[in-house]
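Student: Take a look at this one; I'll ask things after.
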Amino acid sequence: SESENPPVRRLSAWDAADLEELAATYETPLYVMDLGRVRENCRRLREAFPDADVRYAAKAHTGRAVFEAVRQEGLGIECASAGEVERAFAAGASGSEVQYTAVNPPDGDLDLVVQRWEDDPDLTVTVGARDTVERLRERGFDGRLCVRVNPGVGAGHHAKVTTGGHAKFGVPYSEAESVVLDARDDFDVVGIHAHAGSGISGDDLSAHREVVRRMGDLARAVEEETDLEFVDVGGGFGVPYREDEPALDLPAVAEATREALGDVDAQLAVEPGRYVVADAGVLLATVNTVKESEEYETVVGIDAGMTTLLRPAMYDAYHAIRNLSAGEDRNATSVTVAGPICETSDVLCEHRPLAAPARGDVLAVGNAGAYGYEMASTYNSRPRPAEVVLDPEPRLARRRESLAALTELEQ
Ligand code: LLP
């Protein structure tokens with residue numbers, strides 16, 4: 001069925017003519033976000049985890065239209081900063097939908113979030129260090145508190161996105177029980193939390209299971225002394241980026257999760273980001289230059305680069321690329337697709353067979369909905385791209401950043 005289509009195949013399911021028309025209308029580089037697919041992904045999560053609280057990890061894509069869509073599908077919003085909390089509220093969320101996960105929080109973040117909580121005391125704050133509890137107490141916060149634990153075990157598509165084990169997050173597992181018990185007199189301790197890492201595939205299931213098992217043990221250890229509402233085992237559900245990668249069997253992951261958790265007197269919670277938005281997004285770019293290189297291979301220069309989509313440069317991430325403008329008559333050639341940034345790492349792919357690109361062609365980069373626009377920067381004084389959402393009709397969701405905006409902060 002359509003909803004089971006692996007994302008890469010989905011890129012070829014997008015109508016090339018429609019995408020080219022969007023590129024012509026809104027210019028490139030352009031992110032296109034299919035809200036229908038976002039909603040479908042939310043439903044698949046809710047079906048796989050029918051008795052769990054499913055929260056959307058906002059960091060994958062903080063666009064207002066996405067927030068509105070996931071809220072309509074009944075997902076809460078997990079926020080990594082005061083900025084994300086503000087944007088969740090701006091998109092209409094109420095405190096009961098918002099969980100703020102503090103990561104070494106600057107004072108300003110805590111000030112803002114505590115202010116929000118004063119107006120809306122259903123907001124939940126997750127702490128990952130004993131002294132964050134203290135800093136909340138100093139600010140008069142005595143509300144809903146969740147303790148983030150480093151489960152000691154991690155997983156993920158790259159060492160840079162593995163958050164359990166050798167990473168900065170959470171209170172050490174060995175101290176978790178005492179942090180929970182110490183907090184319980186002054187706060188409403190409603191949950192415990194762990195996140196193993198991002199981009200978990202079927203091969204990482206044993207690590208995921210182990211994390212969940214440890215959280216189940218912790219929940220049972222503090223059960224008598226607290227009134228836990230939830231055990232949040234994080235997000236991290238991977239999506240296939242390569243054409244030959246199998247899609248994650250979400251119902252199987254859900255079953256493994258429940259089994260590993262065991263009997264706890266609290267609700268299971270999960271907080272995926274990538275799974276919700278990755279395959280709903282495509283990045284469109286235009287070919288500016290094609291050159292042969294003796295030292296390298298054919299270099300296809302496009303108007304999107306590491307400042308538009310950072311993942312290939314940062315994690316060597318693979319994204320499917322398709323030449324929308326090429327008809328059947330063009331042969332596939334091995335190419336490097338490179339951006340306009342003055343950095344050697346500014347390539348989206350190397351040694352990739354692609355229907356021979358020519359100047360003016362429009363390329364589509366798949367699975368760009370998660371950590372795409374979100375990680376864009378203005379390095380090399382390159383304004384950030386525009387974004388269109390399909391709802392289902394296209395509309396401009398974010399204007400292209402202007403050159404003038406780049407100097408706006410200067411005095
Ligand atoms: N919850 C917590 C506490 C997290 O730290 C993260 C991701 C998530 C949930 C959501 O993980 P997801 O379901 O999206 O895998 N920029 C990287 C990913 C960094 C993820 C950081 N934390 C990338 O593009 O692969």
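By convention here, the chains of the structure tokens are called A, B, ... in the order presented, each chain's residues are numbered starting at 1, and ligands are numbered starting at 1 in the order presented.
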Do you know which residues are within 9 Å of ligand 1 using only C-alpha atoms and all ligand atoms? Can you write them as an mmCIF file with N, CA and C atoms, in the first residue's frame?
Tutor:
data_model
loop_
_atom_site.group_PDB
_atom_site.id
_atom_site.type_symbol
_atom_site.label_atom_id
_atom_site.label_comp_id
_atom_site.auth_asym_id
_atom_site.auth_seq_id
_atom_site.Cartn_x
_atom_site.Cartn_y
_atom_site.Cartn_z
ATOM 1 N N ARG A 55 4.973 11.697 20.951
ATOM 2 C CA ARG A 55 5.338 13.111 20.884
ATOM 3 C C ARG A 55 6.258 13.329 19.697
ATOM 4 N N TYR A 56 6.099 14.437 19.041
ATOM 5 C CA TYR A 56 6.936 14.755 17.888
ATOM 6 C C TYR A 56 8.176 15.515 18.363
ATOM 7 N N ALA A 57 9.360 15.010 18.017
ATOM 8 C CA ALA A 57 10.600 15.703 18.372
ATOM 9 C C ALA A 57 10.795 16.873 17.414
ATOM 10 N N ALA A 58 10.509 18.056 17.900
ATOM 11 C CA ALA A 58 10.413 19.246 17.054
ATOM 12 C C ALA A 58 11.693 19.554 16.292
ATOM 13 N N LYS A 59 12.825 19.147 16.840
ATOM 14 C CA LYS A 59 14.105 19.545 16.242
ATOM 15 C C LYS A 59 14.276 19.077 14.805
ATOM 16 N N ALA A 60 13.519 18.066 14.389
ATOM 17 C CA ALA A 60 13.653 17.564 13.021
ATOM 18 C C ALA A 60 13.126 18.578 11.999
ATOM 19 N N GLU A 78 7.823 17.558 21.606
ATOM 20 C CA GLU A 78 9.002 17.521 22.468
ATOM 21 C C GLU A 78 9.974 18.578 21.969
ATOM 22 N N CYS A 79 10.377 19.465 22.875
ATOM 23 C CA CYS A 79 11.174 20.636 22.485
ATOM 24 C C CYS A 79 12.542 20.587 23.149
ATOM 25 N N ALA A 80 13.579 20.961 22.373
ATOM 26 C CA ALA A 80 14.947 20.872 22.876
ATOM 27 C C ALA A 80 15.473 22.211 23.373
ATOM 28 N N THR A 101 12.745 19.399 26.907
ATOM 29 C CA THR A 101 13.865 18.566 27.319
ATOM 30 C C THR A 101 15.109 19.444 27.414
ATOM 31 N N VAL A 103 18.756 20.573 27.668
ATOM 32 C CA VAL A 103 20.096 20.051 27.385
ATOM 33 C C VAL A 103 21.091 21.145 27.770
ATOM 34 N N ARG A 148 15.786 12.757 32.786
ATOM 35 C CA ARG A 148 16.423 12.085 31.650
ATOM 36 C C ARG A 148 17.650 11.322 32.123
ATOM 37 N N GLY A 156 22.556 4.345 16.622
ATOM 38 C CA GLY A 156 22.286 5.444 15.700
ATOM 39 C C GLY A 156 22.999 5.257 14.386
ATOM 40 N N HIS A 157 22.651 6.111 13.390
ATOM 41 C CA HIS A 157 23.216 5.947 12.046
ATOM 42 C C HIS A 157 24.649 6.434 11.966
ATOM 43 N N HIS A 158 25.151 7.116 12.999
ATOM 44 C CA HIS A 158 26.494 7.689 12.979
ATOM 45 C C HIS A 158 26.884 7.962 14.433
ATOM 46 N N LYS A 160 28.053 10.475 15.642
ATOM 47 C CA LYS A 160 27.673 11.842 16.025
ATOM 48 C C LYS A 160 26.213 11.968 16.436
ATOM 49 N N VAL A 161 25.414 10.962 16.240
ATOM 50 C CA VAL A 161 24.011 11.051 16.654
ATOM 51 C C VAL A 161 23.635 9.929 17.629
ATOM 52 N N THR A 162 24.643 9.332 18.230
ATOM 53 C CA THR A 162 24.391 8.316 19.250
ATOM 54 C C THR A 162 24.368 9.017 20.597
ATOM 55 N N THR A 163 23.249 8.963 21.288
ATOM 56 C CA THR A 163 23.074 9.785 22.484
ATOM 57 C C THR A 163 23.159 9.013 23.792
ATOM 58 N N PHE A 169 24.492 13.416 27.421
ATOM 59 C CA PHE A 169 23.093 13.563 27.825
ATOM 60 C C PHE A 169 22.696 12.777 29.081
ATOM 61 N N HIS A 193 13.003 9.364 31.373
ATOM 62 C CA HIS A 193 13.221 9.509 29.938
ATOM 63 C C HIS A 193 14.610 9.019 29.556
ATOM 64 N N ALA A 194 14.722 8.419 28.368
ATOM 65 C CA ALA A 194 16.028 8.082 27.794
ATOM 66 C C ALA A 194 15.884 8.099 26.283
ATOM 67 N N HIS A 195 16.980 8.411 25.611
ATOM 68 C CA HIS A 195 16.980 8.405 24.136
ATOM 69 C C HIS A 195 18.299 7.783 23.698
ATOM 70 N N ALA A 196 18.209 6.665 22.983
ATOM 71 C CA ALA A 196 19.420 5.905 22.644
ATOM 72 C C ALA A 196 20.220 6.551 21.524
ATOM 73 N N GLY A 197 19.521 7.201 20.585
ATOM 74 C CA GLY A 197 20.195 7.786 19.440
ATOM 75 C C GLY A 197 19.242 7.913 18.276
ATOM 76 N N SER A 198 19.776 8.403 17.171
ATOM 77 C CA SER A 198 18.924 8.758 16.037
ATOM 78 C C SER A 198 19.234 7.884 14.824
ATOM 79 N N GLY A 199 18.197 7.489 14.116
ATOM 80 C CA GLY A 199 18.413 6.693 12.915
ATOM 81 C C GLY A 199 18.613 5.230 13.230
ATOM 82 N N ILE A 200 17.824 4.718 14.151
ATOM 83 C CA ILE A 200 17.914 3.322 14.549
ATOM 84 C C ILE A 200 17.328 2.430 13.458
ATOM 85 N N VAL A 233 10.818 6.483 26.184
ATOM 86 C CA VAL A 233 12.004 5.758 25.713
ATOM 87 C C VAL A 233 12.614 6.406 24.479
ATOM 88 N N GLY A 234 12.259 7.663 24.221
ATOM 89 C CA GLY A 234 12.915 8.437 23.172
ATOM 90 C C GLY A 234 12.365 8.178 21.788
ATOM 91 N N GLY A 235 13.093 8.723 20.807
ATOM 92 C CA GLY A 235 12.704 8.551 19.405
ATOM 93 C C GLY A 235 13.762 7.744 18.710
ATOM 94 N N GLY A 236 14.148 8.182 17.521
ATOM 95 C CA GLY A 236 15.267 7.545 16.838
ATOM 96 C C GLY A 236 14.895 6.558 15.754
ATOM 97 N N PHE A 237 13.602 6.339 15.520
ATOM 98 C CA PHE A 237 13.209 5.351 14.500
ATOM 99 C C PHE A 237 13.717 5.784 13.136
ATOM 100 N N GLY A 238 14.527 4.932 12.518
ATOM 101 C CA GLY A 238 15.166 5.280 11.263
ATOM 102 C C GLY A 238 14.231 5.156 10.073
ATOM 103 N N VAL A 270 6.892 7.731 23.406
ATOM 104 C CA VAL A 270 7.971 7.762 22.414
ATOM 105 C C VAL A 270 7.994 9.156 21.792
ATOM 106 N N GLU A 271 9.166 9.545 21.276
ATOM 107 C CA GLU A 271 9.259 10.901 20.725
ATOM 108 C C GLU A 271 10.095 10.945 19.448
ATOM 109 N N PRO A 272 9.545 10.391 18.372
ATOM 110 C CA PRO A 272 10.259 10.395 17.093
ATOM 111 C C PRO A 272 10.198 11.754 16.399
ATOM 112 N N GLY A 273 11.275 12.089 15.711
ATOM 113 C CA GLY A 273 11.299 13.291 14.882
ATOM 114 C C GLY A 273 11.405 12.901 13.415
ATOM 115 N N ARG A 274 12.540 12.267 13.086
ATOM 116 C CA ARG A 274 12.828 11.897 11.703
ATOM 117 C C ARG A 274 11.684 11.117 11.051
ATOM 118 N N TYR A 275 11.155 10.136 11.779
ATOM 119 C CA TYR A 275 10.142 9.257 11.205
ATOM 120 C C TYR A 275 8.916 10.040 10.722
ATOM 121 N N VAL A 276 8.637 11.142 11.413
ATOM 122 C CA VAL A 276 7.445 11.934 11.099
ATOM 123 C C VAL A 276 7.641 12.755 9.821
ATOM 124 N N VAL A 277 8.833 13.295 9.641
ATOM 125 C CA VAL A 277 8.982 14.284 8.568
ATOM 126 C C VAL A 277 9.968 13.946 7.449
ATOM 127 N N ALA A 278 10.871 12.979 7.657
ATOM 128 C CA ALA A 278 11.953 12.775 6.681
ATOM 129 C C ALA A 278 11.427 12.576 5.257
ATOM 130 N N LEU A 310 22.821 19.973 5.335
ATOM 131 C CA LEU A 310 24.121 19.715 5.956
ATOM 132 C C LEU A 310 24.455 18.228 6.108
ATOM 133 N N ARG A 311 23.452 17.378 6.077
ATOM 134 C CA ARG A 311 23.645 15.977 6.482
ATOM 135 C C ARG A 311 24.759 15.236 5.733
ATOM 136 N N PRO A 312 24.864 15.365 4.403
ATOM 137 C CA PRO A 312 25.973 14.659 3.730
ATOM 138 C C PRO A 312 27.339 15.131 4.218
ATOM 139 N N MET A 314 28.119 16.535 7.095
ATOM 140 C CA MET A 314 28.338 16.306 8.526
ATOM 141 C C MET A 314 28.389 14.835 8.913
ATOM 142 N N TYR A 315 27.553 14.022 8.276
ATOM 143 C CA TYR A 315 27.479 12.607 8.679
ATOM 144 C C TYR A 315 27.774 11.659 7.520
ATOM 145 N N ALA A 317 25.982 11.418 5.109
ATOM 146 C CA ALA A 317 24.651 10.839 4.914
ATOM 147 C C ALA A 317 24.325 10.701 3.429
ATOM 148 N N ALA A 370 13.608 15.865 7.269
ATOM 149 C CA ALA A 370 14.091 15.870 8.651
ATOM 150 C C ALA A 370 15.519 16.401 8.704
ATOM 151 N N TYR A 371 15.773 17.339 9.580
ATOM 152 C CA TYR A 371 17.113 17.906 9.774
ATOM 153 C C TYR A 371 17.653 18.484 8.467
ATOM 154 N N GLY A 372 16.764 18.980 7.626
ATOM 155 C CA GLY A 372 17.147 19.602 6.367
ATOM 156 C C GLY A 372 17.135 21.115 6.558
ATOM 157 N N GLU A 374 16.078 22.620 8.847
ATOM 158 C CA GLU A 374 16.371 22.874 10.261
ATOM 159 C C GLU A 374 17.851 23.127 10.531
ATOM 160 N N MET A 375 18.724 22.509 9.761
ATOM 161 C CA MET A 375 20.158 22.668 9.988
ATOM 162 C C MET A 375 20.781 23.616 8.962
#
Student: From the options A:Val299, A:Ala285, A:Ala313, A:Leu390, which residue's atoms come nearest to A:Pro29, counting only C-alpha atoms?
Tutor: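 Going through A:Val299, A:Ala285, A:Ala313, A:Leu390 one by one, the smallest distance to A:Pro29 is for A:Ala285.
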Student: Skip stretch 318-334 of chain A itself and residues of its chain fewer than 3 positions away, then list as an MDAnalysis selection string all residues within 8 Å of it, counting only C-alpha atoms.
Tutor: chainID A and resid 8 11:12 16:17 19:20 241:243 297:298 312 348:357 361:368
Student: With distances taken over only C-alpha atoms, which of A:Thr378, A:Ser345, A:Ala69, A:Ala256 is nearest to A:Thr307?
Tutor: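 Among the listed residues, the smallest separation from A:Thr307 belongs to A:Thr378.
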Student: Which is closer to A:Cys42 than all the others in A:Ser201, A:Ser377, A:Thr62, A:Gln72, using only C-alpha atoms?
Tutor: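 Smallest distance to A:Cys42 is found for A:Gln72.
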